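Some notes on the structure that comes next.
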Amino acid sequence: MRKTFFFFFIIYITIFSVTVQAFAKETQNYDVVIVGAGSGGCAAAIQAARMGMSVALIEQSDYIGGQMTGAAVSSMDDKTMTRTGIYLEFITKIKDYYSTRNTNVNICYWGSDTISFEPRVGQEVLREMLTDAGVENIILKTVPISVKISENTIVSTIFSVEGKNVPFSAKIFIDATECGDFIPLTGARYRAGNSISPEIDKNSIIQNITYPAIVKRYKEGIPPELIVKEKPPRYEEYLPKFRMTIRKEGSSWPGKYPFNIDVHNAYRAIPDTSNKEHIDGGVAETWSNITKTTINWANDYPGDDSGLPGMSVEFLESSNYRIQASRQAMAKTLAFLYYMQTELGMSDWSVDNSQNYGGWFSNDWKNWNDLPERYAPILSHFPPFPYVRESRRLVGLKTMTVDDVMRNKKLGRTLKNVSDSVALGEYPIDIHGQNKDIYLETTLGETIEKIPNDWAGDGGLFQ
């Protein structure tokens with residue numbers, strides 16, 4: 001049956017605090033209800049409000065900004081052509097914030113034309129933009145639990161707000177969640193891995209997740225509670241991968257694995273306004289001045305060192321599986337932090353305690369009995385949820401692929417025109433688990449023959 005739901009996906013607040021007491025028993029009515037306050041959800045809320053619409057922005061966690069803030073992936077994987085519109089407004093405000101503090105933002109990815117920021121700063125900027133646009137109702141720690149459909153259109157949704165059911169109606173509902181968690185409630189068909197609902201193949205896989213952590217150098221010494229004093233669980237299992245990736249005596253960039261500490265720190269370097277040393281991501285001689293970065297390299301989970309082809313599609317389909325996998329990913333990052341403080345000799349580095357993390361966690365690690373209590377002070381400064389590279393994907397009337405949007409190099413544009421769609425992206429075709437036939441999306445034209453001849457890894461295409 002044809003679905004005419006309006007969905008909006010982008011993988012890529014001081015906000016009025018709304019609590020359940022603020023709601024009357026009757027249905028809350030809006031023009032637009034956006035489920036998920038990640039970068040895409042915030043952008044949709046800002047634009048809708050600017051167009052004069054009443055907006056409710058609803059978020060499961062307690063942190064606005066999604067992957068780039070709440071998952072601590074705040075080094076932007078962008079290119080110059082994507083620096084337009086609301087995103088350009090955002091990064092301009094980021095640059096202004098650090099410029100007034102004499103701090104560079106072009107310090108990551110070993111390049112001078114790069115942008116990174118602290119997650120808390122990214123969240124503050126989004127709060128300002130949402131407020132200025134007139135988005136007043138930002139509702140945190142809230143999840144959808146059911147929908148009402150009339151004539152193939154979502155007319156209302158029941159949300160759990162602080163444990164109480166509250167109905168919302170809207171002309172448009174937008175799914176901007178990290179994993180596409182609103183879609184299954186609607187009955188709309190979606191892709192998970194290389195299978196399509198309702199027949200999801202449990203053997204299907206998605207890309208690895210990562211549980212990043214912002215770390216900084218404590219020049220006056222690490223607070224005792226932030227020292228990883230004993231080997232975390234599974235440390236010995238992960239150690240070979242750590243050593244294959246980063247070593248004290250490793251290579252400089254560009255070079256071959258393993259790389260040295262400066263290369264690691266420059267990969268996802270984060271501005272530190274307390275550090276007055278000059279840093280430029282494109283100048284290797286300045287990388288030793290970096291005092292804040294992100295653990296987001298050798299700690300993919302389950303990772304290519306696990307013997308598994310990738311993350312099971314159950315991560316998307318099962319809430320319990322997602323919790324358990326996120327806990328293990330967090331523990332792997334904790335193990336890398338121990339590796340940093342010991343074998344890498346970074347004894348004055350630990351988790352950054354200034355990012356305003358520590359409230360809500362998607363994996364509820366505080367109730368994880370297998371994790372020793374002594375790690376709690378450290379994990380409290382981890383982000384609230386992991387970096388998820390691949391979510392559920394709505395099946396449209398037509399699914400466009402890379403072949404539909406590939407630009408002709410001479411013309412600088414695609415050869416196909418699609419009047420009702422817009423696509424903009426410069427990020428390279430990336431990893432999708434493995435390149436074996438059983439993992440490729442053959443229904444979308446993925447074949448081993450399409451994998452570029454210069455492909456360096458074992459992964460297949462990700463469209």
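Naming works like this for the structure tokens: A, B, ... for the chains as they're shown, residue 1 at the start of each chain, ligands 1 onward in shown order.
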Would you list the contacts of region 38-47 of chain A as number ranges by chain, taking every protein, DNA or RNA residue within 8 Å and counting only C-alpha atoms, but skipping same-chain residues closer than 6 positions in sequence?
-> A: 9-12, 55-57, 64-68, 86-87, 126, 129-130, 133-135, 174-178
DSSP says helix (DSSP H, G or I) for which residues of region 97-254 of chain A? Put them as an mmCIF file with N, CA and C atoms, in the first residue's frame?
```
data_model
loop_
_atom_site.group_PDB
_atom_site.id
_atom_site.type_symbol
_atom_site.label_atom_id
_atom_site.label_comp_id
_atom_site.auth_asym_id
_atom_site.auth_seq_id
_atom_site.Cartn_x
_atom_site.Cartn_y
_atom_site.Cartn_z
ATOM 1 N N TYR A 97 32.847 31.977 17.526
ATOM 2 C CA TYR A 97 33.037 31.664 18.948
ATOM 3 C C TYR A 97 34.517 31.490 19.263
ATOM 4 N N TYR A 98 35.201 30.698 18.450
ATOM 5 C CA TYR A 98 36.610 30.421 18.737
ATOM 6 C C TYR A 98 37.522 31.574 18.327
ATOM 7 N N SER A 99 37.121 32.307 17.304
ATOM 8 C CA SER A 99 37.929 33.450 16.876
ATOM 9 C C SER A 99 38.039 34.491 17.984
ATOM 10 N N PRO A 119 31.929 19.566 21.608
ATOM 11 C CA PRO A 119 30.502 19.251 21.581
ATOM 12 C C PRO A 119 29.633 20.247 22.342
ATOM 13 N N ARG A 120 30.096 20.689 23.505
ATOM 14 C CA ARG A 120 29.276 21.624 24.292
ATOM 15 C C ARG A 120 29.096 22.943 23.543
ATOM 16 N N VAL A 121 30.118 23.370 22.796
ATOM 17 C CA VAL A 121 30.014 24.604 22.020
ATOM 18 C C VAL A 121 29.041 24.409 20.858
ATOM 19 N N GLY A 122 29.128 23.258 20.202
ATOM 20 C CA GLY A 122 28.185 22.966 19.132
ATOM 21 C C GLY A 122 26.751 22.994 19.621
ATOM 22 N N GLN A 123 26.525 22.428 20.795
ATOM 23 C CA GLN A 123 25.177 22.429 21.358
ATOM 24 C C GLN A 123 24.719 23.847 21.697
ATOM 25 N N GLU A 124 25.620 24.647 22.254
ATOM 26 C CA GLU A 124 25.268 26.028 22.590
ATOM 27 C C GLU A 124 24.886 26.826 21.345
ATOM 28 N N VAL A 125 25.619 26.618 20.258
ATOM 29 C CA VAL A 125 25.317 27.328 19.015
ATOM 30 C C VAL A 125 23.955 26.898 18.471
ATOM 31 N N LEU A 126 23.676 25.606 18.510
ATOM 32 C CA LEU A 126 22.370 25.128 18.051
ATOM 33 C C LEU A 126 21.245 25.693 18.907
ATOM 34 N N ARG A 127 21.461 25.768 20.206
ATOM 35 C CA ARG A 127 20.454 26.354 21.088
ATOM 36 C C ARG A 127 20.145 27.792 20.683
ATOM 37 N N GLU A 128 21.200 28.536 20.418
ATOM 38 C CA GLU A 128 21.027 29.929 20.003
ATOM 39 C C GLU A 128 20.252 30.020 18.693
ATOM 40 N N MET A 129 20.605 29.183 17.724
ATOM 41 C CA MET A 129 19.944 29.221 16.426
ATOM 42 C C MET A 129 18.478 28.816 16.531
ATOM 43 N N LEU A 130 18.184 27.823 17.345
ATOM 44 C CA LEU A 130 16.799 27.387 17.530
ATOM 45 C C LEU A 130 15.970 28.468 18.205
ATOM 46 N N THR A 131 16.549 29.093 19.210
ATOM 47 C CA THR A 131 15.843 30.165 19.913
ATOM 48 C C THR A 131 15.572 31.338 18.982
ATOM 49 N N ASP A 132 16.589 31.744 18.224
ATOM 50 C CA ASP A 132 16.437 32.870 17.303
ATOM 51 C C ASP A 132 15.388 32.590 16.227
ATOM 52 N N ALA A 133 15.266 31.316 15.840
ATOM 53 C CA ALA A 133 14.290 30.954 14.809
ATOM 54 C C ALA A 133 12.869 30.892 15.360
ATOM 55 N N ILE A 183 10.343 5.229 12.045
ATOM 56 C CA ILE A 183 9.787 4.595 10.847
ATOM 57 C C ILE A 183 8.997 3.324 11.150
ATOM 58 N N PRO A 184 9.530 2.367 11.936
ATOM 59 C CA PRO A 184 8.787 1.119 12.143
ATOM 60 C C PRO A 184 7.400 1.313 12.745
ATOM 61 N N LEU A 185 7.211 2.376 13.509
ATOM 62 C CA LEU A 185 5.906 2.624 14.117
ATOM 63 C C LEU A 185 4.856 2.971 13.074
ATOM 64 N N THR A 186 5.285 3.444 11.913
ATOM 65 C CA THR A 186 4.357 3.932 10.891
ATOM 66 C C THR A 186 3.877 2.850 9.942
ATOM 67 N N PRO A 224 42.782 12.295 40.040
ATOM 68 C CA PRO A 224 42.980 10.870 40.340
ATOM 69 C C PRO A 224 41.856 9.967 39.857
ATOM 70 N N GLU A 225 40.616 10.454 39.932
ATOM 71 C CA GLU A 225 39.481 9.608 39.550
ATOM 72 C C GLU A 225 39.395 9.378 38.046
ATOM 73 N N LEU A 226 40.194 10.127 37.255
ATOM 74 C CA LEU A 226 40.164 9.971 35.806
ATOM 75 C C LEU A 226 41.327 9.136 35.283
ATOM 76 N N TYR A 235 40.818 -5.987 27.465
ATOM 77 C CA TYR A 235 41.941 -5.159 27.022
ATOM 78 C C TYR A 235 42.951 -5.970 26.220
ATOM 79 N N GLU A 236 43.320 -7.140 26.710
ATOM 80 C CA GLU A 236 44.317 -7.955 26.016
ATOM 81 C C GLU A 236 43.823 -8.372 24.636
ATOM 82 N N GLU A 237 42.531 -8.559 24.506
ATOM 83 C CA GLU A 237 41.946 -8.927 23.214
ATOM 84 C C GLU A 237 42.068 -7.789 22.206
ATOM 85 N N TYR A 238 41.916 -6.554 22.687
ATOM 86 C CA TYR A 238 41.960 -5.398 21.798
ATOM 87 C C TYR A 238 43.373 -4.879 21.564
ATOM 88 N N LEU A 239 44.301 -5.231 22.405
ATOM 89 C CA LEU A 239 45.647 -4.661 22.370
ATOM 90 C C LEU A 239 46.341 -4.804 21.016
ATOM 91 N N PRO A 240 46.291 -5.968 20.355
ATOM 92 C CA PRO A 240 46.966 -6.069 19.050
ATOM 93 C C PRO A 240 46.470 -5.041 18.040
ATOM 94 N N LYS A 241 45.163 -4.799 18.008
ATOM 95 C CA LYS A 241 44.613 -3.802 17.082
ATOM 96 C C LYS A 241 45.100 -2.408 17.448
ATOM 97 N N PHE A 242 45.122 -2.099 18.737
ATOM 98 C CA PHE A 242 45.627 -0.791 19.169
ATOM 99 C C PHE A 242 47.060 -0.596 18.696
ATOM 100 N N ARG A 243 47.881 -1.624 18.895
ATOM 101 C CA ARG A 243 49.293 -1.525 18.525
ATOM 102 C C ARG A 243 49.487 -1.449 17.014
ATOM 103 N N MET A 244 48.607 -2.077 16.258
ATOM 104 C CA MET A 244 48.697 -2.023 14.797
ATOM 105 C C MET A 244 48.307 -0.654 14.254
ATOM 106 N N THR A 245 47.604 0.134 15.085
ATOM 107 C CA THR A 245 47.084 1.415 14.614
ATOM 108 C C THR A 245 47.925 2.589 15.086
#
```
What is the distance, in Å and to one decimal place, between CA of Ser252 (chain A) and CA of Ile279 (chain A)?
-> 16.5 Å
As a ChimeraX atom specification, please: all residues of region 289-404 of chain A that backbone DSSP puts in strand (DSSP E).
-> /A:292-295,300-301,311-312,349-351,387-388,393-394
With C-alpha atoms retained, write the just-selected residues as a compact mmCIF listing (two decimals), in the first residue's frame.
```txt
# COMPACT_ATOMS: atom_id res chain seq x y z
CA LYS A 292 42.35 18.07 23.06
CA THR A 293 41.22 15.36 20.64
CA THR A 294 38.80 12.47 20.21
CA ILE A 295 39.30 8.73 20.61
CA ASP A 300 35.33 0.65 16.08
CA TYR A 301 32.97 -2.02 17.38
CA MET A 311 27.64 -5.03 13.19
CA SER A 312 24.52 -7.18 13.11
CA TRP A 349 45.68 12.68 29.21
CA SER A 350 42.16 11.54 30.13
CA VAL A 351 38.51 12.20 29.36
CA TYR A 387 28.51 7.12 16.73
CA VAL A 388 26.12 5.16 14.49
CA ARG A 393 16.44 3.97 5.49
CA LEU A 394 12.96 4.73 4.23
```
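Distances from A:Ala269, A:Leu337, A:Leu308, A:Val395 to Ile378 (chain A) were compared using only C-alpha atoms, and the smallest one belongs to A:Leu337.
Counting from CA of Ile261 (chain A), the distance to CA of Leu344 (chain A) is 7.6 Å.
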Counting only C-alpha atoms, what is within 12 Å of Thr333 (chain A), bar same-chain residues fewer than 3 positions away, as an MDAnalysis selection string?
-> chainID A and resid 209:215 228 232:235 238:239 242 294:303 326:330 336:340 350:351 378:379 382:383 386
Only C-alpha atoms, please: the residues just picked out, written as a compact mmCIF listing (two decimals), in the first residue's frame.
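Writing done, so here's again-v1.txt:
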```txt
# COMPACT_ATOMS: atom_id res chain seq x y z
CA ILE A 209 29.63 1.66 15.47
CA THR A 210 32.12 3.60 17.58
CA TYR A 211 31.83 5.04 21.07
CA PRO A 212 34.04 8.15 20.84
CA ALA A 213 35.38 10.04 23.83
CA ILE A 214 36.73 13.58 24.04
CA VAL A 215 40.11 13.53 25.76
CA VAL A 228 42.39 4.13 34.42
CA PRO A 232 39.57 -2.74 31.44
CA PRO A 233 37.62 -5.83 30.34
CA ARG A 234 38.89 -7.44 27.10
CA TYR A 235 41.94 -5.16 27.02
CA TYR A 238 41.96 -5.40 21.80
CA LEU A 239 45.65 -4.66 22.37
CA PHE A 242 45.63 -0.79 19.17
CA THR A 294 38.80 12.47 20.21
CA ILE A 295 39.30 8.73 20.61
CA ASN A 296 37.74 7.63 17.32
CA TRP A 297 40.12 5.49 15.30
CA ALA A 298 41.17 2.09 16.60
CA ASN A 299 37.99 1.59 18.64
CA ASP A 300 35.33 0.65 16.08
CA TYR A 301 32.97 -2.02 17.38
CA PRO A 302 32.87 -4.89 16.71
CA GLY A 303 35.70 -3.84 14.38
CA SER A 326 26.80 0.09 22.90
CA ARG A 327 28.13 -1.04 26.27
CA GLN A 328 30.80 -3.17 24.64
CA ALA A 329 31.75 -0.30 22.32
CA MET A 330 32.09 1.99 25.34
CA PHE A 336 42.04 2.45 24.38
CA LEU A 337 42.16 5.20 27.00
CA TYR A 338 44.09 2.81 29.25
CA TYR A 339 46.40 2.10 26.30
CA MET A 340 46.97 5.84 25.89
CA SER A 350 42.16 11.54 30.13
CA VAL A 351 38.51 12.20 29.36
CA ILE A 378 35.55 8.18 33.80
CA LEU A 379 32.51 6.89 31.91
CA PHE A 382 31.67 9.85 27.84
CA PRO A 383 29.03 11.10 25.38
CA PRO A 386 27.58 6.09 20.25
```
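Picture a line from CA of Asn203 (chain A) to CA of Asn435 (chain A); it runs 14.6 Å.
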